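Asker: Got a structure for you, written out below as structure tokens; questions coming shortly.
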Amino acid sequence: MRLYKGAGFGEARNKNSEPKLSPHTCIHIINNIYILKEKNSKSFYKFFHLFFHKNISPIKMETKGFTQDGTVDLRGRPVLASKTGKWNACAFLVGYEAFERMAFYGIASNLVNYLTTQLHEDTVSSVRNVNSWSGSVWITPILGAYIADTYLGRFWTFTVSSLIYVMGMIMLTTAVSLKSLKPTCTNGICNKASTSQVAFFYISLYTIALGAGGTKPNISTFGADQFDDFNPHEKELKVSFFNWWMFSSFLGALFATLGLVYIQENLGWGLGYGVPTVGLLVSLVVFYLGTPIYRHKVRKTKSPARDLIQVPVTAFKNRKLQLPQNPCQLHEHEPQYYINSGKRQVHYTPIFRFLDKAAVKDGNSGRPPCTVTQVEGTKLVLGMMLIWLVTLVPSTIWAQINTLFVKQGTTLDRSLGSSFQIPAASLGSFVTLSMLISVPMYDRYFVPFMRRKTGNPRGITLLQRLGIGFVIQVIAIAIAYAVEVRRMHVIRVHQITGPKQIVPMNIFWLLPQYVLLGIADVFNAIGLLEFFYDQSPEDMQSLGTTFFTSGIGIGNFLNSFLVTMVDKLTDRGEHKSWIGDNLNDSHLDYYYGFLLVISTLNLGAFIWASSKYVYKRETKEVNEGCIEMESKALEISPLGLQV
């Protein structure tokens, strides 16, 4: 046995045998070659000469058994495909997701009632505050995703943020439990909450929003990272990932709207918030038990979002240059660059052509132009922004579930038997139930059926899935409008005017709009999450998923704005406000009619935006078998897969 040492590597071999390097060593060698070559230093040539010409004859790198997408463990070591990732790892993640959604919906679904009954806010203020908080929960992921993609990575960003989330839950439970932090009541008459009580309550809420900013965009993308895109079997499993991921979310939401809402209104708000707090702590312990089998993606770019600024700036500087007739003449790295670096090459698309000037080769310029892949990454983000804009109105419709739908339900007959009353917020459980029933049907029946018809692995395209969801949502708001017209008719017939008078109309009249919104969500909510993850540039997938979360957040803010403006514009003189404190003496039907009109117009805008969108096309280099490293060069046989 003789030991060969060169360029900092040592390998044992028999006299007549070829040396074998472990996959980890081979990856380390390739990374060093790439880094030294990028620096264009003499060290690269010295390294290459010493390693390939003096010490090593042809080497076979055995990569069988390891993941092919470059994922590593928490310590940065390559991982075995058979022992890590896939659904075995995701099982630890979905538990956290279910408890986190239970905590969120346990607050969101009944918060409007807490604000009006416990803190004594008026209807418009409570709706506005619920929307503002919900909007913040869905907007802060932009910050969390940026930190993950640029600095800490998904795992560590999630770790820090989850602790902030739990701290917020503990504070909120304390705020609704301690007498000193709640308004005092005497003989059934409650005082208005003091400034300090209101401040502590809202600080608790927004601490949760801050924590959600780091957990929400990273936990789902971290789950998707557990599947190797280069492995055909794992790629097929990944097609169903987002469906079942959201299924776990729906389970948490179901328990919140059925169980927690009842506990809050009948057993106490402290217990109602304490249960999800304990559940969240337990789920975090379970999450960290799965650490040994998690896969982690290596960041290949220091600042992934930099291209979003660099490409437009370079295109503007090159605005006077002539675009070549053939896109192949634009600047792009050789395929070997993408093989060595592990990055994915994105192919040229004929949209947003004004950005192509960023990749024009100009011999007079001191700096190299952007690559086609960089330009196409920016184009992808612009295309996703178009789709994102037309998701804002559907998000506004969704915001009604936890606000006006709940207040509407409180005016109806909620009795079930002689002694039990259904909490108005619990009707939201039918949204979740319809989702839980629809997801397995969609994944097990609809997708295979459509796959046979279309040949698409997903059954239908991502944008077709969104379109179906938006159509169902328009139907749902049309039904909500019709039901409210019916409620107003009953009010007039029975001459009901008091704010606390119950309208003799069963609350289950609201059931169709809840069920349809749940079915719509199976298409558009899951579809949006998958769409923005799938279509994002490789190094910006956490940021990409924030298109989904921020759309919901902006939708909540938009609903808050609309409610405020409609109230101000309609409450003039002798005219009744459409959304007054007394819904029995308002015109909520007019507001729902307004939402129906803008939803229909938005559907037309979505169809137009979809017709202009071009899906991402990238090449994934898959290393099959072994990699031959000869003294002449590094030869890799790639298999290009078009996505």
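Residues are referred to by chain and number: the chain letter is A, B, ... according to the order shown in the structure tokens, the number counts from 1 in that chain, and ligands are numbered separately from 1 in the order shown.
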At a cut-off of 6 Å, using only C-alpha atoms, what residues contact region 373-383 of chain A? Leave out same-chain residues fewer than 2 positions from it and give the result as a compact mmCIF listing (two decimals) with N, CA and C atoms, in the first residue's frame.

Answerer:
```
# COMPACT_ATOMS: atom_id res chain seq x y z
N LEU A 308 -31.39 41.25 -9.76
CA LEU A 308 -32.62 42.01 -10.00
C LEU A 308 -32.32 43.50 -10.17
N GLN A 345 -28.52 26.39 -15.79
CA GLN A 345 -28.59 27.35 -16.90
C GLN A 345 -30.04 27.56 -17.32
N VAL A 346 -30.45 28.82 -17.41
CA VAL A 346 -31.81 29.15 -17.84
C VAL A 346 -31.75 29.61 -19.28
N THR A 371 -24.97 37.56 -18.01
CA THR A 371 -25.22 36.36 -18.79
C THR A 371 -26.71 36.24 -19.13
N MET A 385 -44.31 38.80 -11.21
CA MET A 385 -44.95 40.00 -10.66
C MET A 385 -46.29 40.28 -11.35
N LEU A 386 -46.34 40.01 -12.67
CA LEU A 386 -47.61 40.20 -13.40
C LEU A 386 -48.69 39.27 -12.83
N PRO A 537 -36.06 31.88 -9.80
CA PRO A 537 -34.66 31.53 -10.06
C PRO A 537 -34.14 30.63 -8.95
```

Asker: Residues near region 130-138 of chain A, anyone? I mean within 7 Å using only C-alpha atoms, not counting same-chain ones fewer than 6 positions away, as a list in words.

Answerer: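 That gives Leu111, Val112, Tyr206, Ala209, Ala212, Gly213, Thr549, Ser550, Ile552, Gly553, Ile554, Asn556, Phe557 and Ser560 of chain A.
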
Asker: Find the residues near region 461-472 of chain A: any atom within 6 Å, counting only C-alpha atoms, skip ones fewer than 6 places away on the same chain, and give them as a count of residues only.

Answerer: 4

Asker: If we count only C-alpha atoms, what is near Val563 (chain A) at a cut-off of 9 Å, once residues fewer than 5 positions away on the same chain are taken out, given as a PyMOL selection string?

Answerer: chain A and resi 124+127-128+558+568+579+591

Asker: Within region 299-432 of chain A, find each residue whose DSSP state, derived from the backbone, is helix (DSSP H, G or I), and express the selection as a PyMOL selection string.

Answerer: chain A and resi 306-317+327-329+335-341+353-359+372-389+392-402+404-410+424-432

Asker: Looking only at the backbone, which of the residues in region 166-392 of chain A does DSSP tag as strand (DSSP E), as an NGL selection string?

Answerer: :A and (185-186 or 189-190 or 345-346)

Asker: Write the residues of the preceding selection, restricted to N, CA, C and O atoms, as an mmCIF file, in the first residue's frame.

Answerer:
```
data_model
loop_
_atom_site.group_PDB
_atom_site.id
_atom_site.type_symbol
_atom_site.label_atom_id
_atom_site.label_comp_id
_atom_site.auth_asym_id
_atom_site.auth_seq_id
_atom_site.Cartn_x
_atom_site.Cartn_y
_atom_site.Cartn_z
ATOM 1 N N CYS A 185 -64.496 44.674 34.378
ATOM 2 C CA CYS A 185 -65.949 44.737 34.202
ATOM 3 C C CYS A 185 -66.632 44.828 35.574
ATOM 4 O O CYS A 185 -66.237 44.144 36.520
ATOM 5 N N THR A 186 -67.652 45.670 35.662
ATOM 6 C CA THR A 186 -68.429 45.826 36.896
ATOM 7 C C THR A 186 -69.911 45.732 36.571
ATOM 8 O O THR A 186 -70.423 46.509 35.751
ATOM 9 N N ILE A 189 -70.894 45.625 32.983
ATOM 10 C CA ILE A 189 -70.457 46.744 32.146
ATOM 11 C C ILE A 189 -68.934 46.794 32.170
ATOM 12 O O ILE A 189 -68.330 46.949 33.238
ATOM 13 N N CYS A 190 -68.323 46.658 30.999
ATOM 14 C CA CYS A 190 -66.867 46.591 30.917
ATOM 15 C C CYS A 190 -66.285 47.936 30.514
ATOM 16 O O CYS A 190 -66.833 48.632 29.640
ATOM 17 N N GLN A 345 -28.525 26.393 -15.792
ATOM 18 C CA GLN A 345 -28.586 27.347 -16.896
ATOM 19 C C GLN A 345 -30.040 27.558 -17.318
ATOM 20 O O GLN A 345 -30.778 26.610 -17.529
ATOM 21 N N VAL A 346 -30.450 28.823 -17.410
ATOM 22 C CA VAL A 346 -31.811 29.155 -17.837
ATOM 23 C C VAL A 346 -31.754 29.614 -19.284
ATOM 24 O O VAL A 346 -30.944 30.476 -19.641
#
```

Asker: For Asn218 (chain A), find every residue with an atom within 9 Å (counting only C-alpha atoms), except residues of its own chain fewer than 2 positions away, and show them as a list in words.

Answerer: Pro141, Gly144, Ala145, Ala148, Gly153, Arg154, Phe155, Thr157, Phe158, Gly214, Thr215, Lys216, Ser220, Thr221, Phe222, Gly223, Ser542 and Thr545 of chain A

Asker: Compile the contact shell of region 177-181 of chain A as a PyMOL selection string: residues with an atom at most 9 Å away, counting only C-alpha atoms, same-chain residues fewer than 4 positions apart removed.

Answerer: chain A and resi 172-173+193-194+196-198+200-201+268-271

Asker: Restricting the output to C-alpha atoms, write the selected residues as a PDB file, in the first residue's frame.

Answerer:
```pdb
ATOM      1  CA  LEU A 172     -50.442  36.794  23.791  1.00  0.00           C
ATOM      2  CA  THR A 173     -51.610  34.007  26.101  1.00  0.00           C
ATOM      3  CA  ALA A 193     -59.057  48.803  27.554  1.00  0.00           C
ATOM      4  CA  SER A 194     -56.295  51.085  28.827  1.00  0.00           C
ATOM      5  CA  SER A 196     -50.973  49.914  28.210  1.00  0.00           C
ATOM      6  CA  GLN A 197     -53.323  46.917  27.888  1.00  0.00           C
ATOM      7  CA  VAL A 198     -53.944  47.609  24.200  1.00  0.00           C
ATOM      8  CA  PHE A 200     -49.149  44.899  25.223  1.00  0.00           C
ATOM      9  CA  PHE A 201     -51.830  42.993  23.283  1.00  0.00           C
ATOM     10  CA  GLY A 268     -61.786  31.111  28.248  1.00  0.00           C
ATOM     11  CA  TRP A 269     -59.458  32.985  25.921  1.00  0.00           C
ATOM     12  CA  GLY A 270     -56.399  32.079  27.981  1.00  0.00           C
ATOM     13  CA  LEU A 271     -56.959  28.345  27.467  1.00  0.00           C
TER      14      LEU A 271
END
```

Asker: Please measure the separation of CA of Arg414 (chain A) and CA of Ile507 (chain A), giving the value in Å to one decimal.

Answerer: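 Going from CA of Arg414 (chain A) over to CA of Ile507 (chain A), I get 5.6 Å.
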
Asker: Which residues of region 250-294 of chain A come within 6 Å of region 78-99 of chain A, and what is each one's closest atom pair and distance in Å (one decimal), counting only C-alpha atoms, sorted by chain and residue number, as CSV?

Answerer:
```
residue,atom,partner,partner_atom,distance
A:Gly252,CA,A:Ala98,CA,4.3
A:Gly279,CA,A:Phe99,CA,6.0
A:Leu280,CA,A:Phe99,CA,5.5
A:Ser283,CA,A:Tyr96,CA,4.8
A:Phe287,CA,A:Phe92,CA,5.1
A:Gly290,CA,A:Phe92,CA,5.9
A:Ile293,CA,A:Thr84,CA,4.4
A:Tyr294,CA,A:Gly85,CA,5.5
```

Asker: Could you check the closest approach to Ile477 (chain A) for each of A:Val522, A:Val406, A:Leu595, A:Leu529 and tell me which residue wins, using only C-alpha atoms?

Answerer: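 Looking at the shortest contact to Ile477 (chain A), the residue is A:Leu595.
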
Asker: To one decimal place, how far is CA of Phe352 (chain A) from CA of Ser599 (chain A) in Å?

Answerer: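 The value is 27.6 Å.
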